[in-house]
Structures are given as structure tokens and as C-alpha cells.
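> Just passing along the structure, written as C-alpha cells.
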Amino acid sequence: MSIAIEKSIPLPEQRKRRSYPYQEMDVGDSFFVDQIKPQIMFNRNLEVSKKTGMKFTARKEQDGVRVWRIE
């Protein structure tokens, strides 16, 4: 098997990471993210929880995901 080497192919731009209001949330607050897969938000919630010590939960809602701060 041979793999061709290509030259002068531009590197695609990095996807911009969305910013969510985790830091401004109090317990019981929520936000809604339209047009996103639930697993993406579950992973983001886990990442933020590990960094901040805050706890979040998310539920699929219509065509997006709602995130609540629970601790």
C-alpha cells in the first residue's frame, strides 16, 4: 500500500470553541444551547467540573441541551 505525499495543502482553521457562562452561574441557574449534540455538552460539563469543583447536569431539550448548575 502506498500513501501519496501532497504538498502545499493549507491547514484548516481551528474550530472556535464556544464560550458558556459556567463561571457566572449560581446553583439552580441554567442555560440552553441550541443545535448541539448532548454528548458534547456532557463532556464539556465534566471538563468544567474538574477545573472548578462546580457540578452540572444536562438534559436534552427540543433541539438542543439545557445545562443546570447543581452544586
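Ligands are numbered from 1 in the order shown, residues from 1 within each chain, and chains are lettered A, B, ... in the order they appear in the C-alpha cells.
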Using only C-alpha atoms, which protein or nucleic acid residues come within 12 Å of segment 16-26 of chain A? Drop anything in the same chain fewer than 4 positions from it, and give the result as a ChimeraX atom specification.

/A:12,30-34,36,40-41,44-49,51-57,66-71

> Give me, please, the distance in Å between atom CA of Phe42 of chain A and atom CA of Leu11 of chain A, quoted to one decimal.

29.0 Å

> In chain A, what's strand (DSSP E) per DSSP? Answer as a PDB file with C-alpha atoms, in the first residue's frame?


ATOM      1  CA  SER A  30     -29.382  27.058  33.736  1.00  0.00           C
ATOM      2  CA  PHE A  31     -28.594  27.897  30.128  1.00  0.00           C
ATOM      3  CA  PHE A  32     -29.792  26.437  26.831  1.00  0.00           C
ATOM      4  CA  VAL A  33     -27.549  25.560  23.881  1.00  0.00           C
ATOM      5  CA  ASP A  34     -29.359  25.201  20.562  1.00  0.00           C
ATOM      6  CA  PHE A  56     -23.505  20.459  36.443  1.00  0.00           C
ATOM      7  CA  THR A  57     -26.148  18.299  34.837  1.00  0.00           C
ATOM      8  CA  ALA A  58     -27.651  18.460  31.366  1.00  0.00           C
ATOM      9  CA  ARG A  59     -30.809  17.244  29.682  1.00  0.00           C
ATOM     10  CA  LYS A  60     -31.777  17.050  26.030  1.00  0.00           C
ATOM     11  CA  GLU A  61     -34.490  19.610  25.390  1.00  0.00           C
ATOM     12  CA  GLY A  64     -30.639  21.354  21.997  1.00  0.00           C
ATOM     13  CA  VAL A  65     -29.405  20.810  25.553  1.00  0.00           C
ATOM     14  CA  ARG A  66     -30.144  22.637  28.816  1.00  0.00           C
ATOM     15  CA  VAL A  67     -27.383  22.747  31.455  1.00  0.00           C
ATOM     16  CA  TRP A  68     -28.029  23.363  35.178  1.00  0.00           C
ATOM     17  CA  ARG A  69     -25.568  24.068  37.957  1.00  0.00           C
TER      18      ARG A  69
END

> Can you list, as a PyMOL selection string, all residues belonging to chain A that DSSP tags as alpha helix (DSSP H)?

chain A and resi 38-52
